[in-house]
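Let me begin by presenting the structure, written as structure tokens, before commenting on it.
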Amino acid sequence: MSEAVEPETLLNLDHVEVRRGAFTLVLADLSLTVARGELLVLAGPSGAGKSTLLRLMAALELPTSGRISIAGQDVARLSERARAHLRRQIGIVAQDPLLFEDRSVIDNVSAPALIAGERRSEAVSRAGAALQRVGLDATRFGALRCNQLAAFERRRVALARALANRPALLLIDDATGVGADPGLDLKALFDTLAPFCSSGVAAVVAVREASAALPSEVVARRVSLIEGKLRQ
Amino acid sequence: MSDCPGGSRWREALALIGRRPVGWTVAVIVAGVALGGVLLAAIVAWSARPWVDQTAIAPDVTVVLASGTSPADAEGLRNALSLLPAVAGARFVPREAALAQIAQRTPADREAIGQLAGNPLPDVVVLSFKTETAPALIESTATAIKKMARVDAVDLDLGWYRKLWAVARIGAVGLLVVAGALLLHAVGWLLVAVVVSGPIDPRRVRLLWMLGADDRGVRRAPMAAAALTALAVALIALLSARAGWQRLDRELAGLGQLYAGGPRLQWPPPEWIAGFAAAAVAIGLLIGTIRARLLLGQIRKVSIS
């Protein structure tokens with residue numbers, strides 16, 4: 001008889017709560033695990049707490065109570081420096097794709113690898129490959145300044161940047177926003193992420209409406225977040 | 001490790017400065033000229049130092065020697081007195097010389113001296129003290145001298161000197177306050193230049209932090225930009241101070257011709273100029289660090305609250 005091997009947990013949220021001030025409860029008693037290689041779709045309307053949850057997962061924010069561990073490390077116990085190093089293993093696509101506006105696309109996409117201490121040539125080579133993955137031609141787009149890009153191109157550059165540094169965890173906020181993107185709808189996004197998940201990268205994708213079918217070739221799960229409470 | 005997405009920290013710093021070229025230039029020029037005024041005031045004060053030293057005075061103390069002291073003993077005592085701390089010089093005045101000096105003053109004095117049976121004056125050693133010697137030290141020295149062999153008396157009038165000393169102390173404290181105010185003024189102008197010219201980009205800091213840059217990496221470019229800004233302010237300050245100095249010195253030279261020589265301003269030596277520029281860069285680095293730290297703290301606080 002063969003024993004089923006439990007997938008290794010990458011991210012664990014244990015009774016996490018986030019309050020803003022004395023009366024606003026953003027996330028309530030939330031427990032969740034994400035395994036390596038898993039694709040988790042986090043669905044919920046605007047204001048449900050998706051962005052807050054993703055910020056917690058990215059170690060950009062600490063919970064009011066509860067415990068978050070990433071790769072077995074309790075985030076709250078890490079120093080600022082260690083948290084910064086942890087973020088280098090996480091690819092983040094924020095709702096508003098924050099970019100170095102006066103820098104080229106290549107400079108932006110290669111930034112995480114440079115920050116992680118890679119050589120410039122290696123960082124640029126990774127950036128070119130990542131741009132290819134999201135459907136942007138590095139030779140055509142690489143030298144463009146980010147303030148010259150259309151909104152959907154900016155989101156793709158942000159996605160390429162998240163993918164470029166071989167992250168262990170990918171966090172994509174408001175992926176339904178890519179609906180405005182003629183070439184990268186939710187299904188296309190899942191198709192882009194599938195090879196990464198197959199190679200062990202965990203991905204959490206926040207959407208407003210989880211209409212697209214989950215990819216069958218990776219371990220995928222859908223959870224709903226409504227008014228700060230998780231519905232599995 | 002490089003935390004700069006577009007190249008070196010200096011390239012990033014120049015890019016930060018280049019985001020608002022007009023604002024940066026105006027802020028740097030205004031602050032530079034204002035700082036130049038402060039620098040000129042400091043140079044004028046520094047140039048005035050030799051004249052102040054010339055006007056500084058300290059009391060003389062007359063040491064009356066016991067009668068019958070031989071010239072050799074008197075010379076030995078003069079030597080011993082000249083070696084005392086705080087004593088700038090010791091001059092032996094023989095009784096004959098003192099009498100002759102009085103006899104030279106008026107015919108009446110001469111007549112009065114002629115009626116004397118002998119010379120009633122003693123041999124004396126006149127001590128001059130170093131300028132800025134405290135009255136208490138002069139007094140204790142005089143007390144010690146009184147106990148020395150072959151010393152009959154010590155003539156000392158410290159009343160006027162105590163008053164002058166008290167006024168001078170108030171003046172010194174006032175000068176320190178003015179110097180401190182000038183220094184604060186200088187730092188203030190550098191602060192204004194760095195803050196108003198704004199070589200820091202909150203979005204960039206936020207993004208670097210989000211991508212995992214550590215604090216040093218986030219601070220690097222704003223620090224370099226602030227240092228470059230402070231250096232530019234210092235250079236403009238030096239240029240405007242130099243122009244002011246030349247103008248003022250020309251005026252003083254004209255005044256000197258009228259009064260057969262007069263005060264001239266001295267331009268500080270090159271190492272002082274280099275020190276001024278280095279200090280400005282150091283202050284710029286400090287301001288850049290503090291700004292980046294505050295911004296980072298704000299970003300963290302907003303994320304966490």
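Chain lettering (A, B, ...) mirrors the order of the structure tokens, residue numbering begins at 1 for each chain separately, and ligand numbering begins at 1 in order of display.
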
>> Let's see if you can do this: from backbone DSSP, list all strand (DSSP E) residues in stretch 1-202 of chain A, as a ChimeraX atom specification.
In response: /A:9-20,24-35,39-43,65-70,73-74,90-93,169-172,202

Generate a file of the selected residues that holds N, CA and C atoms, formatted as a compact mmCIF listing (two decimals), in the first residue's frame.
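As a result, out-v2.txt now contains:
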# COMPACT_ATOMS: atom_id res chain seq x y z
N THR A 9 3.98 22.34 3.69
CA THR A 9 3.31 23.63 3.90
C THR A 9 4.32 24.77 3.75
N LEU A 10 3.97 25.73 2.95
CA LEU A 10 4.85 26.90 2.78
C LEU A 10 4.37 28.05 3.65
N LEU A 11 3.05 28.21 3.66
CA LEU A 11 2.47 29.38 4.32
C LEU A 11 1.40 28.89 5.29
N ASN A 12 1.48 29.37 6.51
CA ASN A 12 0.48 28.95 7.51
C ASN A 12 -0.02 30.16 8.29
N LEU A 13 -1.32 30.36 8.23
CA LEU A 13 -1.95 31.44 9.01
C LEU A 13 -2.79 30.79 10.09
N ASP A 14 -2.52 31.16 11.33
CA ASP A 14 -3.16 30.47 12.45
C ASP A 14 -3.94 31.49 13.29
N HIS A 15 -5.27 31.41 13.20
CA HIS A 15 -6.17 32.31 13.96
C HIS A 15 -5.74 33.78 13.85
N VAL A 16 -5.58 34.20 12.63
CA VAL A 16 -5.10 35.56 12.38
C VAL A 16 -6.25 36.56 12.43
N GLU A 17 -5.98 37.66 13.07
CA GLU A 17 -6.98 38.72 13.16
C GLU A 17 -6.29 40.06 12.87
N VAL A 18 -6.97 40.91 12.11
CA VAL A 18 -6.44 42.26 11.85
C VAL A 18 -7.53 43.27 12.18
N ARG A 19 -7.19 44.19 13.05
CA ARG A 19 -8.12 45.27 13.42
C ARG A 19 -7.53 46.60 12.98
N ARG A 20 -8.39 47.49 12.57
CA ARG A 20 -7.97 48.87 12.30
C ARG A 20 -8.66 49.73 13.36
N THR A 24 -12.91 48.45 13.94
CA THR A 24 -12.99 47.84 12.60
C THR A 24 -12.20 46.54 12.57
N LEU A 25 -12.93 45.48 12.31
CA LEU A 25 -12.30 44.17 12.20
C LEU A 25 -12.16 43.84 10.72
N VAL A 26 -10.93 43.81 10.23
CA VAL A 26 -10.71 43.57 8.79
C VAL A 26 -10.66 42.08 8.49
N LEU A 27 -9.92 41.35 9.32
CA LEU A 27 -9.85 39.89 9.16
C LEU A 27 -10.16 39.26 10.52
N ALA A 28 -11.04 38.25 10.49
CA ALA A 28 -11.49 37.67 11.77
C ALA A 28 -11.12 36.20 11.87
N ASP A 29 -10.33 35.88 12.86
CA ASP A 29 -10.00 34.48 13.21
C ASP A 29 -9.77 33.61 11.97
N LEU A 30 -8.80 34.00 11.20
CA LEU A 30 -8.60 33.36 9.90
C LEU A 30 -7.45 32.34 9.98
N SER A 31 -7.76 31.11 9.61
CA SER A 31 -6.72 30.07 9.57
C SER A 31 -6.67 29.48 8.16
N LEU A 32 -5.45 29.34 7.67
CA LEU A 32 -5.30 28.91 6.27
C LEU A 32 -3.88 28.39 6.06
N THR A 33 -3.77 27.36 5.24
CA THR A 33 -2.41 26.92 4.87
C THR A 33 -2.32 26.88 3.34
N VAL A 34 -1.12 27.15 2.87
CA VAL A 34 -0.86 27.02 1.43
C VAL A 34 0.38 26.15 1.28
N ALA A 35 0.23 25.11 0.46
CA ALA A 35 1.36 24.18 0.29
C ALA A 35 2.24 24.62 -0.87
N LEU A 39 -1.90 26.29 -6.06
CA LEU A 39 -2.48 27.55 -6.56
C LEU A 39 -3.76 27.80 -5.78
N LEU A 40 -3.76 28.86 -5.02
CA LEU A 40 -4.93 29.19 -4.20
C LEU A 40 -5.61 30.43 -4.79
N VAL A 41 -6.88 30.26 -5.11
CA VAL A 41 -7.63 31.41 -5.62
C VAL A 41 -8.47 31.95 -4.47
N LEU A 42 -8.24 33.21 -4.18
CA LEU A 42 -8.91 33.86 -3.05
C LEU A 42 -9.96 34.81 -3.63
N ALA A 43 -11.22 34.39 -3.53
CA ALA A 43 -12.28 35.19 -4.17
C ALA A 43 -13.03 35.99 -3.12
N SER A 65 -3.50 39.92 15.97
CA SER A 65 -3.27 38.71 16.78
C SER A 65 -3.20 37.51 15.85
N GLY A 66 -2.79 36.39 16.40
CA GLY A 66 -2.60 35.19 15.58
C GLY A 66 -1.17 35.09 15.10
N ARG A 67 -0.91 34.02 14.34
CA ARG A 67 0.47 33.74 13.95
C ARG A 67 0.54 33.44 12.46
N ILE A 68 1.55 34.00 11.82
CA ILE A 68 1.78 33.71 10.40
C ILE A 68 3.17 33.13 10.27
N SER A 69 3.29 31.98 9.63
CA SER A 69 4.64 31.47 9.39
C SER A 69 4.81 31.19 7.90
N ILE A 70 5.99 31.54 7.43
CA ILE A 70 6.34 31.29 6.03
C ILE A 70 7.59 30.41 6.04
N GLN A 73 8.97 29.83 9.42
CA GLN A 73 9.48 30.96 10.22
C GLN A 73 8.33 31.86 10.65
N ASP A 74 8.24 32.09 11.94
CA ASP A 74 7.20 32.98 12.47
C ASP A 74 7.55 34.42 12.06
N ILE A 90 9.51 36.31 -2.31
CA ILE A 90 8.08 36.44 -2.60
C ILE A 90 7.89 37.39 -3.78
N GLY A 91 7.14 36.93 -4.77
CA GLY A 91 6.82 37.80 -5.90
C GLY A 91 5.46 38.43 -5.66
N ILE A 92 5.41 39.75 -5.71
CA ILE A 92 4.17 40.45 -5.38
C ILE A 92 3.67 41.26 -6.58
N VAL A 93 2.41 41.10 -6.90
CA VAL A 93 1.78 42.00 -7.88
C VAL A 93 0.67 42.72 -7.13
N LEU A 169 6.99 32.00 -3.39
CA LEU A 169 5.58 32.33 -3.20
C LEU A 169 5.22 33.51 -4.10
N LEU A 170 4.11 33.35 -4.81
CA LEU A 170 3.63 34.43 -5.69
C LEU A 170 2.32 34.96 -5.14
N LEU A 171 2.21 36.25 -5.02
CA LEU A 171 0.98 36.85 -4.50
C LEU A 171 0.47 37.85 -5.53
N ILE A 172 -0.70 37.62 -6.05
CA ILE A 172 -1.24 38.49 -7.09
C ILE A 172 -2.57 39.07 -6.61
N ALA A 202 4.35 28.25 -4.80
CA ALA A 202 2.97 28.44 -4.34
C ALA A 202 2.46 29.78 -4.85

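Near A:Ala143, within 7 Å and counting only C-alpha atoms, sit Ser104, Val105 and Ile106 of chain A; same-chain residues fewer than 5 positions away were not included.
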
> Hey, can you check how far atom CA of B:Ala88 sits from atom CA of B:Leu127?
Replying inline: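 These atoms are spaced 7.6 Å apart.
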
I'd like a table as CSV: residues in chain A with an atom no more than 8 Å from chain B, each row giving the shortest atom pair and its distance in Å to one decimal, only C-alpha atoms counted, sorted by chain and rising residue number.
residue,atom,partner,partner_atom,distance
A:Arg20,CA,B:Ser305,CA,6.5
A:Gly21,CA,B:Ser305,CA,7.9
A:Leu60,CA,B:Ser303,CA,6.6
A:Glu61,CA,B:Ile304,CA,4.8
A:Leu62,CA,B:Ile304,CA,6.0
A:Pro63,CA,B:Ile304,CA,7.9
A:Glu80,CA,B:Asp214,CA,7.9
A:Arg81,CA,B:Asp214,CA,5.8
A:Arg83,CA,B:Gly212,CA,7.7
A:Ala84,CA,B:Gly212,CA,4.2
A:His85,CA,B:Gly212,CA,5.7
A:Leu86,CA,B:Gly212,CA,7.1
A:Arg87,CA,B:Gly212,CA,4.8
A:Arg88,CA,B:Gly212,CA,4.9
A:Gly91,CA,B:Leu211,CA,8.0
A:Ile92,CA,B:Leu211,CA,7.9
A:Leu98,CA,B:Leu207,CA,6.6
A:Leu99,CA,B:Leu207,CA,7.2
A:Phe100,CA,B:Arg204,CA,6.4
A:Arg103,CA,B:Gly6,CA,6.7
A:Asp107,CA,B:Pro5,CA,5.5
A:Asn108,CA,B:Pro5,CA,6.5
A:Ser110,CA,B:Pro5,CA,7.0
A:Ala111,CA,B:Pro5,CA,4.7
A:Pro112,CA,B:Leu211,CA,5.9
A:Leu114,CA,B:Ser2,CA,5.7
A:Ile115,CA,B:Asp3,CA,4.6
A:Ala116,CA,B:Met1,CA,7.2
A:Gly117,CA,B:Met1,CA,4.4
A:Glu118,CA,B:Met1,CA,7.3

Generate a file of the selected residues that holds C-alpha atoms, formatted as a PDB file, in the first residue's frame.
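See part.pdb below for the written result:
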ATOM      1  CA  ARG A  20      -7.973  48.872  12.304  1.00  0.00           C
ATOM      2  CA  GLY A  21      -8.478  51.039  15.349  1.00  0.00           C
ATOM      3  CA  LEU A  60       4.465  43.689   4.612  1.00  0.00           C
ATOM      4  CA  GLU A  61       2.128  43.821   7.570  1.00  0.00           C
ATOM      5  CA  LEU A  62       1.775  42.031  10.904  1.00  0.00           C
ATOM      6  CA  PRO A  63      -1.538  40.757  12.279  1.00  0.00           C
ATOM      7  CA  GLU A  80      13.057  43.957   9.894  1.00  0.00           C
ATOM      8  CA  ARG A  81      16.171  42.862   8.039  1.00  0.00           C
ATOM      9  CA  ARG A  83      11.632  40.164   6.875  1.00  0.00           C
ATOM     10  CA  ALA A  84      13.215  42.129   4.006  1.00  0.00           C
ATOM     11  CA  HIS A  85      15.249  39.053   3.056  1.00  0.00           C
ATOM     12  CA  LEU A  86      12.095  36.928   3.255  1.00  0.00           C
ATOM     13  CA  ARG A  87      10.305  39.300   0.859  1.00  0.00           C
ATOM     14  CA  ARG A  88      13.009  38.593  -1.721  1.00  0.00           C
ATOM     15  CA  GLY A  91       6.820  37.801  -5.898  1.00  0.00           C
ATOM     16  CA  ILE A  92       4.167  40.448  -5.381  1.00  0.00           C
ATOM     17  CA  LEU A  98       3.954  50.100  -8.380  1.00  0.00           C
ATOM     18  CA  LEU A  99       6.862  50.566 -10.803  1.00  0.00           C
ATOM     19  CA  PHE A 100      10.002  52.680 -11.043  1.00  0.00           C
ATOM     20  CA  ARG A 103      13.206  53.487 -15.364  1.00  0.00           C
ATOM     21  CA  ASP A 107      15.417  47.898 -15.056  1.00  0.00           C
ATOM     22  CA  ASN A 108      12.093  47.291 -13.323  1.00  0.00           C
ATOM     23  CA  SER A 110      15.531  42.995 -13.069  1.00  0.00           C
ATOM     24  CA  ALA A 111      15.215  44.980  -9.806  1.00  0.00           C
ATOM     25  CA  PRO A 112      14.322  42.048  -7.486  1.00  0.00           C
ATOM     26  CA  LEU A 114      19.620  42.992  -8.250  1.00  0.00           C
ATOM     27  CA  ILE A 115      18.250  43.569  -4.758  1.00  0.00           C
ATOM     28  CA  ALA A 116      18.859  39.879  -4.008  1.00  0.00           C
ATOM     29  CA  GLY A 117      22.500  40.403  -4.977  1.00  0.00           C
ATOM     30  CA  GLU A 118      22.583  38.842  -8.454  1.00  0.00           C
TER      31      GLU A 118
END

>> Which residues are close to stretch 93-104 of chain B, i.e. within 9 Å by only C-alpha atoms, leaving aside same-chain residues fewer than 4 positions away? Reply as a VMD selection string.
In response: chain B and resid 71 108 to 114 119 to 126

So that I have them on file, write out the residues from the current selection with N, CA and C atoms, as a PDB file, in the first residue's frame.
ATOM      1  N   PRO B  71      72.591  92.479  43.198  1.00  0.00           N
ATOM      2  CA  PRO B  71      72.133  92.394  41.794  1.00  0.00           C
ATOM      3  C   PRO B  71      72.026  90.944  41.318  1.00  0.00           C
ATOM      4  N   ALA B 108      59.904 120.173  39.346  1.00  0.00           N
ATOM      5  CA  ALA B 108      59.531 120.086  40.757  1.00  0.00           C
ATOM      6  C   ALA B 108      59.965 118.759  41.344  1.00  0.00           C
ATOM      7  N   ASP B 109      59.749 117.697  40.541  1.00  0.00           N
ATOM      8  CA  ASP B 109      60.177 116.367  40.995  1.00  0.00           C
ATOM      9  C   ASP B 109      61.688 116.340  41.187  1.00  0.00           C
ATOM     10  N   ARG B 110      62.376 116.923  40.193  1.00  0.00           N
ATOM     11  CA  ARG B 110      63.836 116.935  40.251  1.00  0.00           C
ATOM     12  C   ARG B 110      64.315 117.660  41.527  1.00  0.00           C
ATOM     13  N   GLU B 111      63.668 118.794  41.829  1.00  0.00           N
ATOM     14  CA  GLU B 111      64.029 119.598  43.004  1.00  0.00           C
ATOM     15  C   GLU B 111      63.776 118.812  44.296  1.00  0.00           C
ATOM     16  N   ALA B 112      62.632 118.146  44.321  1.00  0.00           N
ATOM     17  CA  ALA B 112      62.273 117.366  45.509  1.00  0.00           C
ATOM     18  C   ALA B 112      63.261 116.231  45.725  1.00  0.00           C
ATOM     19  N   ILE B 113      63.648 115.579  44.641  1.00  0.00           N
ATOM     20  CA  ILE B 113      64.592 114.454  44.747  1.00  0.00           C
ATOM     21  C   ILE B 113      65.960 114.941  45.223  1.00  0.00           C
ATOM     22  N   GLY B 114      66.327 116.172  44.764  1.00  0.00           N
ATOM     23  CA  GLY B 114      67.618 116.729  45.133  1.00  0.00           C
ATOM     24  C   GLY B 114      67.733 116.981  46.630  1.00  0.00           C
ATOM     25  N   ASN B 119      68.398 107.569  48.244  1.00  0.00           N
ATOM     26  CA  ASN B 119      67.338 107.037  47.356  1.00  0.00           C
ATOM     27  C   ASN B 119      66.366 106.203  48.184  1.00  0.00           C
ATOM     28  N   PRO B 120      65.156 106.669  48.364  1.00  0.00           N
ATOM     29  CA  PRO B 120      64.219 105.910  49.206  1.00  0.00           C
ATOM     30  C   PRO B 120      63.531 104.764  48.453  1.00  0.00           C
ATOM     31  N   LEU B 121      63.754 104.678  47.155  1.00  0.00           N
ATOM     32  CA  LEU B 121      62.997 103.687  46.365  1.00  0.00           C
ATOM     33  C   LEU B 121      63.635 102.303  46.479  1.00  0.00           C
ATOM     34  N   PRO B 122      62.805 101.237  46.395  1.00  0.00           N
ATOM     35  CA  PRO B 122      63.351  99.869  46.419  1.00  0.00           C
ATOM     36  C   PRO B 122      63.625  99.361  44.995  1.00  0.00           C
ATOM     37  N   ASP B 123      64.396  98.290  44.905  1.00  0.00           N
ATOM     38  CA  ASP B 123      64.493  97.570  43.613  1.00  0.00           C
ATOM     39  C   ASP B 123      63.171  96.827  43.426  1.00  0.00           C
ATOM     40  N   VAL B 124      62.712  96.770  42.201  1.00  0.00           N
ATOM     41  CA  VAL B 124      61.442  96.030  41.952  1.00  0.00           C
ATOM     42  C   VAL B 124      61.575  95.148  40.714  1.00  0.00           C
ATOM     43  N   VAL B 125      60.716  94.122  40.675  1.00  0.00           N
ATOM     44  CA  VAL B 125      60.543  93.318  39.445  1.00  0.00           C
ATOM     45  C   VAL B 125      59.089  93.511  39.020  1.00  0.00           C
ATOM     46  N   VAL B 126      58.902  93.959  37.778  1.00  0.00           N
ATOM     47  CA  VAL B 126      57.533  94.164  37.285  1.00  0.00           C
ATOM     48  C   VAL B 126      57.138  92.924  36.462  1.00  0.00           C
TER      49      VAL B 126
END

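With distances restricted to only C-alpha atoms, B:Ala42 is the closest residue to B:Leu175 from B:Val196, B:Val151, B:Ala42, B:Ala234.
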
> What is the distance, in Å and to one decimal place, between atom CA of A:Ala82 and atom CA of A:Ala175?
Replying inline: 28.5 Å

> stretch 27-276 of chain B: which residues are helix (DSSP H, G or I) by DSSP, as a ChimeraX atom specification?
Replying inline: /B:27-47,49-55,71-82,95-103,107-114,135-146,159-197,202-210,215-258,270-276

>> Please determine, counting only C-alpha atoms, which residue among A:Ala129, A:Ser224, A:Cys197, A:Ser216 has the shortest atom-to-atom distance to A:Arg36.
In response: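 The closest residue to A:Arg36 is A:Cys197.
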
>> Report as an MDAnalysis selection string all protein, DNA and RNA residues lying within 9 Å of stretch 27-30 of chain B, evaluated on only C-alpha atoms, omitting residues in the same chain fewer than 2 positions from it.
In response: chainID B and resid 22:25 32:35 189:190 192:194 196:197 229:230 232:233 236:237

>> From the options B:Ser47, B:Ser128, B:Thr143, B:Asn79, which residue's atoms come nearest to B:Gln266, counting only C-alpha atoms?
In response: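 The closest residue to B:Gln266 is B:Ser47.
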
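The list of residues with at least one atom within 12 Å of B:Leu158, based on only C-alpha atoms and without residues fewer than 4 positions apart in the same chain, reads Ala58, Pro59, Asp60, Val61, Thr133, Ala134, Pro135, Ala136, Leu137, Ile138, Glu139, Ser140, Ala142, Arg162, Lys163, Leu164 and Trp165 of chain B.
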
>> What's around B:Met223 at 12 Å? Count only C-alpha atoms, leave out sequence neighbours fewer than 4 positions away in its own chain, and write the answer as a PyMOL selection string.
In response: chain B and resi 9-10+12-14+16-17+194-195+198-201+215-219+227-230+281-293

Keeping only N, CA and C atoms, write the selected residues to a file as an mmCIF file, in the first residue's frame.
data_model
loop_
_atom_site.group_PDB
_atom_site.id
_atom_site.type_symbol
_atom_site.label_atom_id
_atom_site.label_comp_id
_atom_site.auth_asym_id
_atom_site.auth_seq_id
_atom_site.Cartn_x
_atom_site.Cartn_y
_atom_site.Cartn_z
ATOM 1 N N ARG B 9 24.456 54.031 -6.933
ATOM 2 C CA ARG B 9 23.713 54.955 -6.071
ATOM 3 C C ARG B 9 23.812 56.387 -6.580
ATOM 4 N N TRP B 10 24.989 56.717 -7.205
ATOM 5 C CA TRP B 10 25.180 58.091 -7.673
ATOM 6 C C TRP B 10 24.302 58.366 -8.880
ATOM 7 N N GLU B 12 21.494 56.854 -9.439
ATOM 8 C CA GLU B 12 20.146 56.959 -8.865
ATOM 9 C C GLU B 12 19.936 58.319 -8.207
ATOM 10 N N ALA B 13 20.993 58.784 -7.522
ATOM 11 C CA ALA B 13 20.895 60.080 -6.838
ATOM 12 C C ALA B 13 20.697 61.199 -7.860
ATOM 13 N N LEU B 14 21.454 61.139 -8.951
ATOM 14 C CA LEU B 14 21.306 62.164 -9.999
ATOM 15 C C LEU B 14 19.913 62.087 -10.621
ATOM 16 N N LEU B 16 17.224 61.125 -9.051
ATOM 17 C CA LEU B 16 16.310 61.714 -8.064
ATOM 18 C C LEU B 16 16.344 63.238 -8.151
ATOM 19 N N ILE B 17 17.562 63.779 -8.270
ATOM 20 C CA ILE B 17 17.713 65.238 -8.380
ATOM 21 C C ILE B 17 17.078 65.727 -9.682
ATOM 22 N N VAL B 194 17.965 70.559 1.300
ATOM 23 C CA VAL B 194 17.751 69.127 1.055
ATOM 24 C C VAL B 194 16.255 68.803 1.089
ATOM 25 N N VAL B 195 15.531 69.407 2.020
ATOM 26 C CA VAL B 195 14.105 69.082 2.150
ATOM 27 C C VAL B 195 13.296 69.712 1.013
ATOM 28 N N GLY B 198 13.889 68.240 -2.370
ATOM 29 C CA GLY B 198 13.140 66.978 -2.388
ATOM 30 C C GLY B 198 13.758 65.810 -3.109
ATOM 31 N N PRO B 199 15.077 65.545 -2.958
ATOM 32 C CA PRO B 199 15.616 64.382 -3.660
ATOM 33 C C PRO B 199 15.293 63.063 -2.951
ATOM 34 N N ILE B 200 14.011 62.815 -2.786
ATOM 35 C CA ILE B 200 13.581 61.524 -2.226
ATOM 36 C C ILE B 200 12.225 61.223 -2.853
ATOM 37 N N ASP B 201 11.992 59.961 -3.162
ATOM 38 C CA ASP B 201 10.766 59.584 -3.842
ATOM 39 C C ASP B 201 10.051 58.523 -2.992
ATOM 40 N N ASP B 215 17.191 48.165 4.871
ATOM 41 C CA ASP B 215 17.157 49.600 5.167
ATOM 42 C C ASP B 215 18.304 50.354 4.498
ATOM 43 N N ARG B 216 19.491 49.746 4.549
ATOM 44 C CA ARG B 216 20.659 50.426 3.957
ATOM 45 C C ARG B 216 20.470 50.630 2.467
ATOM 46 N N GLY B 217 19.927 49.596 1.835
ATOM 47 C CA GLY B 217 19.695 49.665 0.397
ATOM 48 C C GLY B 217 18.685 50.740 0.047
ATOM 49 N N VAL B 218 17.636 50.870 0.888
ATOM 50 C CA VAL B 218 16.599 51.872 0.641
ATOM 51 C C VAL B 218 17.174 53.281 0.835
ATOM 52 N N ARG B 219 18.066 53.409 1.834
ATOM 53 C CA ARG B 219 18.583 54.739 2.198
ATOM 54 C C ARG B 219 19.647 55.252 1.222
ATOM 55 N N ALA B 227 23.595 64.284 -0.050
ATOM 56 C CA ALA B 227 25.009 64.680 0.043
ATOM 57 C C ALA B 227 25.395 65.554 -1.145
ATOM 58 N N LEU B 228 24.951 65.163 -2.341
ATOM 59 C CA LEU B 228 25.252 65.970 -3.535
ATOM 60 C C LEU B 228 24.608 67.350 -3.426
ATOM 61 N N THR B 229 23.373 67.379 -2.913
ATOM 62 C CA THR B 229 22.675 68.661 -2.741
ATOM 63 C C THR B 229 23.440 69.552 -1.759
ATOM 64 N N ALA B 230 23.850 68.970 -0.633
ATOM 65 C CA ALA B 230 24.582 69.746 0.385
ATOM 66 C C ALA B 230 25.917 70.241 -0.172
ATOM 67 N N VAL B 281 28.866 67.984 3.352
ATOM 68 C CA VAL B 281 28.513 66.668 2.796
ATOM 69 C C VAL B 281 28.068 65.733 3.926
ATOM 70 N N ALA B 282 28.798 65.783 5.052
ATOM 71 C CA ALA B 282 28.450 64.914 6.192
ATOM 72 C C ALA B 282 27.051 65.261 6.725
ATOM 73 N N ILE B 283 26.775 66.557 6.820
ATOM 74 C CA ILE B 283 25.451 66.966 7.303
ATOM 75 C C ILE B 283 24.374 66.534 6.294
ATOM 76 N N GLY B 284 24.689 66.670 5.001
ATOM 77 C CA GLY B 284 23.760 66.235 3.953
ATOM 78 C C GLY B 284 23.469 64.744 4.074
ATOM 79 N N LEU B 285 24.518 63.954 4.282
ATOM 80 C CA LEU B 285 24.340 62.498 4.445
ATOM 81 C C LEU B 285 23.430 62.206 5.636
ATOM 82 N N LEU B 286 23.679 62.952 6.715
ATOM 83 C CA LEU B 286 22.886 62.740 7.939
ATOM 84 C C LEU B 286 21.414 63.089 7.690
ATOM 85 N N ILE B 287 21.191 64.227 7.026
ATOM 86 C CA ILE B 287 19.808 64.636 6.744
ATOM 87 C C ILE B 287 19.136 63.604 5.825
ATOM 88 N N GLY B 288 19.886 63.145 4.807
ATOM 89 C CA GLY B 288 19.348 62.140 3.880
ATOM 90 C C GLY B 288 18.978 60.862 4.609
ATOM 91 N N THR B 289 19.852 60.438 5.532
ATOM 92 C CA THR B 289 19.587 59.214 6.302
ATOM 93 C C THR B 289 18.329 59.389 7.135
ATOM 94 N N ILE B 290 18.257 60.523 7.837
ATOM 95 C CA ILE B 290 17.110 60.736 8.735
ATOM 96 C C ILE B 290 15.815 60.783 7.921
ATOM 97 N N ARG B 291 15.846 61.472 6.782
ATOM 98 C CA ARG B 291 14.629 61.561 5.947
ATOM 99 C C ARG B 291 14.196 60.172 5.474
ATOM 100 N N ALA B 292 15.170 59.399 4.976
ATOM 101 C CA ALA B 292 14.826 58.062 4.467
ATOM 102 C C ALA B 292 14.313 57.176 5.592
ATOM 103 N N ARG B 293 14.930 57.286 6.768
ATOM 104 C CA ARG B 293 14.483 56.486 7.925
ATOM 105 C C ARG B 293 13.057 56.850 8.309
#

>> Here is a test: counting only C-alpha atoms, which residue of A:Arg119, A:Lys50, A:Arg140, A:Arg155 is nearest to A:Val223?
In response: A:Lys50

>> Can you measure atom CA of A:Ala150 to atom CA of A:Asp137 for me? One decimal in Å is fine.
In response: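 Result for atom CA of A:Ala150 versus atom CA of A:Asp137: 14.8 Å, one decimal.
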